Structures are given as C-alpha cells and as structure tokens.
Amino acid sequence: MRGGSSVDAAVSTSDLAVIGLGYVGLPLAHEASRVGLKVTGLDVSPKVVEGLTAATSHIDDLSASDIADMLAAGFQASTDPAVLGGAQTIVICVPTPLSEEGGPDLGAVTAAAKSIAAHLRPGTLVVLESTTYPGTTEEIVRPILEESGLVAGADFHLAFSPERIDPGNPSFGVANTPKVVGGLTERCGELAAAFYGKFVQTVVRARGTREAEMAKLLENTYRHVNIALVNEMAIFCQELGVDLWDAIACAATKPFGFQAFHPGPGVGGHCIPIDPNYLSYKVKTLGYPFRFVELAQEINARMPSYVLLRAQELLNDAGLALSRSNVLLLGVTYKADIADQRESPARPVARKLAAKGATLSYHDPHVEEWSLNGTSVPRATDLERAMAEADLTILLTDHKEYRAELLTDRARLLLDTRGVLRRLDPSVPADRRTTTPVTREGIQVL
C-alpha cells in the first residue's frame, strides 16, 4: 500500500474525476457539480476540453448555460491524467464500440484504467460506467488498476454502475433515473452507493459487478429483440395486408403483459445496435451462440434494405425510376429532436439509395452538414419547397418539425418509416383511441 494510510482515509483535492466527457460523462459531472461536489473532467480531446473551458456544450442535454454553471461551481476540464491523483472518486465513462471483427473494443477502457493506475492513491473509489460484458470490471479493469501496487477491495474500492443516459429525454436524467451499483466487495458497493446517493434519488444495489454489468445488457437486449420482432412483423404484415400500426394500438390497450414497440428503418444510438453484441460475445466464449441476439441483429440490420425496397415500389407505382429520382431524406440523427448521429440508420439507407443511382438531399433541423462516403449531401433549407420538388420524401427521424399535416400536404410521394402519420394521441383514453389509415395516394407508412 502506498503511503501507509488506511483505505478510507485518503486526502483528495477533488470529490470526483470523470474520465470521458461525452453523452454519459458530462451529464454525470454536471449533476455532481450541481449538488456541490468539486468535479474534474478528463478527456483525450483538446477540442472538447477547450470548448468546455469556454462554456460551450457539445452534447444535446446540456446548454452553454449549464456548462457556465459548472465552471462557476469549480468544474475544470483537462487532458492531463495527473488530475486523477487528487480525486476521491474516479468514474470511467469512455466509449465501448465494436471492433472491426464485431467483438468488443475495450481500448478506451483499458487506456483509462492505465491512466488511473499511474495516479491511484489509497482509499480511492473507482467506478466503471462504460457498457461492457459481464466480468470486465473484475477481469480486465481490476488487474490493470492493481499494477499500481494497490489491491482492489483492500487498498482501493472498485465498482460497476451502468449508465442509463437517454439523450433528449425531457423527463428522466441523471438525478431521477434509478442508479444500479455493484461493488467488487460489500464495502465497495456500500461506498459506491453512498457516492451516487449524493446526487441520484434512487440507488439500487446489485449483488456484485457482474450482475450490474448484466443488468445493462439485459435492458438493451430486451429492447433490441422486441424492436426486431415488430420490424419483422412490419415486413410480412405488408404482404398480408394487415395494418400493423392498428394492431399495435389495439394490443397496447391491455393494461398488463404488453409493452408497445414500433417498427422503423433500423436501430441507432450507442446502446441498442452495439450493447447486445457484447453479451453475444461473452456467451460465445462458453462455446455456443446467443441465437436471440444474433437473429435480432440480422433482422434490424436488414431494415435499411427493406426501406430501399419500399422506396423503389413507391416510385415504380408512380412511373418513376429510382436511378433518375431526387430523394429527400428527413432526419439523419438516430432519434427525434437531438443532434446525435451515432449509428443512425439514415446512413445505411442513404448508401443503398445512392448505390441505386438516386440523387440525394436531406433536411434536419439539428444537423447543418452531412456527408456520405466522403461526399457532402446537399442540405435543404426550405422544407416545404424541398418536399414539393423531390420525387420521393423518406422520413427517417421523427423530429417534431415533421408534422403529419405538413407531410401529407407537401410531399409528392412519401415513405414514413417512423409512423408519424399513424401516431395515437396519448391524452385520449385508450378505449377511444383510433388509428386513421393513410388514404392519400403516394403516401405509405412502413
């Protein structure tokens, strides 16, 4: 043990150091700062650090005013790992993408752990929030941290707490979303729960780090599989002449045992397209496949091809060829009313359309520049005019600007992949809700 001090008695110069100041780390730092904790942020990007130092936000959920409040409360951002040496608690919030082979890429996690190990002091609490497969905290992070000469659970504390950030969600943020925490030891779990309890309303104790890691993967695999279910149903319901949107609305009136999911052009964001693959990877190490996840991935990954097929059919019915058509894409972010483009299905849809010779343009109120295969795609600034001039409009992201009335009035041909034209009013009692079929020629809903 360094310095000979007890595990809970380390002297610190900051309450919290957050590694990775993106969609997960920055909201965490903001909430901790808001309740009076002294927070330091560490990021490998000088541009991010410079922006935050100048009170500029690079994520949807925090404004420039929020960053200014953090700075006023003492928040500092840095690219220097030395800031970790003065932190009582260190939380790792770095990306965990997939490798080129489709397996987990833990490069950012291991790099963060090595930076911590170089500055780790007795008594420090280290928490991994980056999504990963069960066993990562204990099997990957712990040995790296112990290269410091300190022992996890004896000289320092180690825990896993899955992030539950939902970008653009107006109702749930860091403070009011229950926080799952699993410690390497009982004491590690107690201290991690006490730390999060300072700024999170509800803290849920998991049995250990593996259970906390699995909880996150279970949440996203559940969504992944159910989205794949309705996506596949959308394909065969079209062939059967069944109104799937009406069927979903009817099923959703059941007050128990059913949760409504809706079809779309694919799945985006960092979680659903990626996280279940971490679980599949871990299961494969046991010698057999995780068939549910692999099938769901296959179904969701083919939805851009199905959008292409539907687009071709719409144009053919109007006597037009896709190769000679101007196609307007509405929305290129992965979800409504945010600027986040991570894993957006708009990109594979656009690639398939372009490969067939379509001339593309796009409109998105949150994205000023967008490119495809290294080539800039023209951005429409006059939405109504762009829809009126395009041979086909494809709605890929349901931003609030894309109102049903506007779509039906202005678009010559329209493929609505998000069901904007079939939305139910949640304020209307379930027994009085009705779905209105689309009757105008040249308009289809996925």
# chains A, B, ... in the order shown; residues from 1 in each chain; ligands from 1
$ residues_around --residues "Gly86 of chain A" --least-positions-apart "2" --cutoff "7 Å" --atoms "only C-alpha atoms" --output "ChimeraX atom specification"
/A:12-14,83-84,88
$ write_last_selection --atoms "C-alpha atoms" --output "PDB file, in the first residue's frame"
ATOM      1  CA  SER A  12      -8.156  14.358  -2.017  1.00  0.00           C
ATOM      2  CA  THR A  13      -8.206  17.652  -3.843  1.00  0.00           C
ATOM      3  CA  SER A  14     -11.431  16.895  -5.733  1.00  0.00           C
ATOM      4  CA  VAL A  83      -5.692  15.340 -12.308  1.00  0.00           C
ATOM      5  CA  LEU A  84      -6.731  11.800 -11.349  1.00  0.00           C
ATOM      6  CA  GLN A  88     -11.568  10.792  -4.074  1.00  0.00           C
TER       7      GLN A  88
END
$ select_by_dssp --residues "segment 26-180 of chain A" --states "alpha helix (DSSP H)" --output "ChimeraX atom specification"
/A:26-34,46-53,64-72,107-119,136,142-145
$ closest_residue --among "A:Pro255, A:Gly36, A:Val24, A:Arg187" --to "Arg164 of chain A" --atoms "only C-alpha atoms"
A:Val24
$ residues_around --residues "Leu414 of chain A" --least-positions-apart "5" --cutoff "6 Å" --atoms "only C-alpha atoms" --output "PyMOL selection string"
chain A and resi 392-394+443
$ select_by_dssp --residues "segment 85-159 of chain A" --states "strand (DSSP E or B)" --output "NGL selection string"
:A and (87-92 or 98 or 104 or 125-128 or 152 or 156-159)
$ write_last_selection --atoms "N, CA and C atoms" --output "tab-separated table (two decimals), in the first residue's frame"
chain	number	residue	atom	x	y	z
A	87	ALA	N	-8.26	12.87	-6.87
A	87	ALA	CA	-9.69	12.61	-6.81
A	87	ALA	C	-10.05	11.53	-5.78
A	88	GLN	N	-11.07	11.79	-5.03
A	88	GLN	CA	-11.57	10.79	-4.07
A	88	GLN	C	-12.32	9.67	-4.80
A	89	THR	N	-13.07	10.05	-5.85
A	89	THR	CA	-13.79	9.07	-6.67
A	89	THR	C	-13.47	9.32	-8.13
A	90	ILE	N	-13.23	8.24	-8.88
A	90	ILE	CA	-12.96	8.33	-10.32
A	90	ILE	C	-13.99	7.47	-11.04
A	91	VAL	N	-14.68	8.06	-12.01
A	91	VAL	CA	-15.69	7.33	-12.77
A	91	VAL	C	-15.27	7.29	-14.23
A	92	ILE	N	-15.25	6.09	-14.80
A	92	ILE	CA	-14.86	5.88	-16.20
A	92	ILE	C	-16.11	5.89	-17.08
A	98	LEU	N	-17.75	-1.40	-31.07
A	98	LEU	CA	-17.41	-2.73	-31.56
A	98	LEU	C	-16.15	-2.65	-32.41
A	104	PRO	N	-16.11	-6.81	-28.84
A	104	PRO	CA	-15.96	-5.60	-28.02
A	104	PRO	C	-14.58	-4.96	-28.19
A	125	LEU	N	-12.14	5.51	-4.73
A	125	LEU	CA	-13.23	4.71	-5.28
A	125	LEU	C	-13.18	4.84	-6.80
A	126	VAL	N	-13.07	3.73	-7.51
A	126	VAL	CA	-13.06	3.71	-8.97
A	126	VAL	C	-14.33	3.00	-9.45
A	127	VAL	N	-15.08	3.66	-10.33
A	127	VAL	CA	-16.32	3.09	-10.84
A	127	VAL	C	-16.27	3.08	-12.37
A	128	LEU	N	-16.57	1.93	-12.95
A	128	LEU	CA	-16.70	1.82	-14.40
A	128	LEU	C	-18.17	1.98	-14.76
A	152	ALA	N	-7.37	-4.14	-4.99
A	152	ALA	CA	-8.80	-3.79	-5.04
A	152	ALA	C	-9.55	-4.43	-3.89
A	156	PHE	N	-7.99	0.05	-2.34
A	156	PHE	CA	-8.89	0.98	-3.03
A	156	PHE	C	-10.19	0.24	-3.33
A	157	HIS	N	-11.21	0.99	-3.70
A	157	HIS	CA	-12.53	0.40	-3.91
A	157	HIS	C	-12.87	0.38	-5.40
A	158	LEU	N	-13.59	-0.64	-5.82
A	158	LEU	CA	-13.90	-0.82	-7.24
A	158	LEU	C	-15.37	-1.24	-7.40
A	159	ALA	N	-16.05	-0.62	-8.36
A	159	ALA	CA	-17.47	-0.94	-8.58
A	159	ALA	C	-17.82	-0.73	-10.05
$ closest_residue --among "A:His119, A:Lys38, A:Lys179, A:Arg291" --to "Gly197 of chain A" --atoms "only C-alpha atoms"
A:Lys179
$ atom_distance --atom1 "atom CA of Leu191 of chain A" --atom2 "atom CA of Pro162 of chain A"
16.0 Å
$ atom_distance --atom1 "atom CA of Gly257 of chain A" --atom2 "atom CA of Ala175 of chain A"
28.6 Å
$ closest_residue --among "A:Arg205, A:Lys198, A:His262, A:Lys335" --to "Pro167 of chain A" --atoms "only C-alpha atoms"
A:Lys335
$ atom_distance --atom1 "atom CA of Ala64 of chain A" --atom2 "atom CA of Gly20 of chain A"
18.4 Å
$ residues_around --residues "Ser344 of chain A" --least-positions-apart "4" --cutoff "9 Å" --atoms "only C-alpha atoms" --output "ChimeraX atom specification"
/A:266-269,332-335,340,348
$ residues_around --residues "segment 351-367 of chain A" --least-positions-apart "6" --cutoff "6 Å" --atoms "only C-alpha atoms" --output "number ranges by chain"
A: 322-323, 325-331, 339, 377-380
$ write_last_selection --atoms "N, CA and C atoms" --output "compact mmCIF listing (two decimals), in the first residue's frame"
# COMPACT_ATOMS: atom_id res chain seq x y z
N LEU A 322 -35.89 4.82 -59.61
CA LEU A 322 -35.07 5.33 -58.50
C LEU A 322 -33.78 5.96 -59.03
N SER A 323 -33.23 5.38 -60.07
CA SER A 323 -31.95 5.86 -60.60
C SER A 323 -32.05 7.25 -61.22
N SER A 325 -34.33 9.58 -59.89
CA SER A 325 -35.20 10.31 -58.96
C SER A 325 -34.40 11.13 -57.96
N ASN A 326 -35.00 12.25 -57.56
CA ASN A 326 -34.47 13.07 -56.46
C ASN A 326 -35.16 12.64 -55.17
N VAL A 327 -34.37 12.20 -54.21
CA VAL A 327 -34.92 11.68 -52.96
C VAL A 327 -34.49 12.59 -51.81
N LEU A 328 -35.47 13.06 -51.07
CA LEU A 328 -35.23 13.91 -49.90
C LEU A 328 -35.34 13.07 -48.63
N LEU A 329 -34.30 13.10 -47.81
CA LEU A 329 -34.30 12.38 -46.54
C LEU A 329 -34.62 13.36 -45.41
N LEU A 330 -35.63 13.04 -44.63
CA LEU A 330 -36.00 13.89 -43.49
C LEU A 330 -35.45 13.28 -42.21
N GLY A 331 -34.46 13.94 -41.64
CA GLY A 331 -33.87 13.49 -40.38
C GLY A 331 -32.72 12.52 -40.60
N ALA A 339 -29.19 16.03 -31.86
CA ALA A 339 -28.21 16.10 -32.94
C ALA A 339 -27.33 14.86 -33.03
N VAL A 377 -23.64 15.88 -48.76
CA VAL A 377 -25.00 15.77 -49.26
C VAL A 377 -25.67 17.13 -49.14
N PRO A 378 -26.29 17.64 -50.19
CA PRO A 378 -26.94 18.96 -50.12
C PRO A 378 -28.00 19.01 -49.03
N ARG A 379 -28.01 20.12 -48.30
CA ARG A 379 -28.99 20.30 -47.22
C ARG A 379 -30.09 21.24 -47.68
N ALA A 380 -31.32 20.80 -47.55
CA ALA A 380 -32.47 21.64 -47.89
C ALA A 380 -32.73 22.61 -46.74
$ closest_residue --among "A:Thr124, A:Gln201, A:Thr209, A:Ser57" --to "Val141 of chain A" --atoms "only C-alpha atoms"
A:Thr209
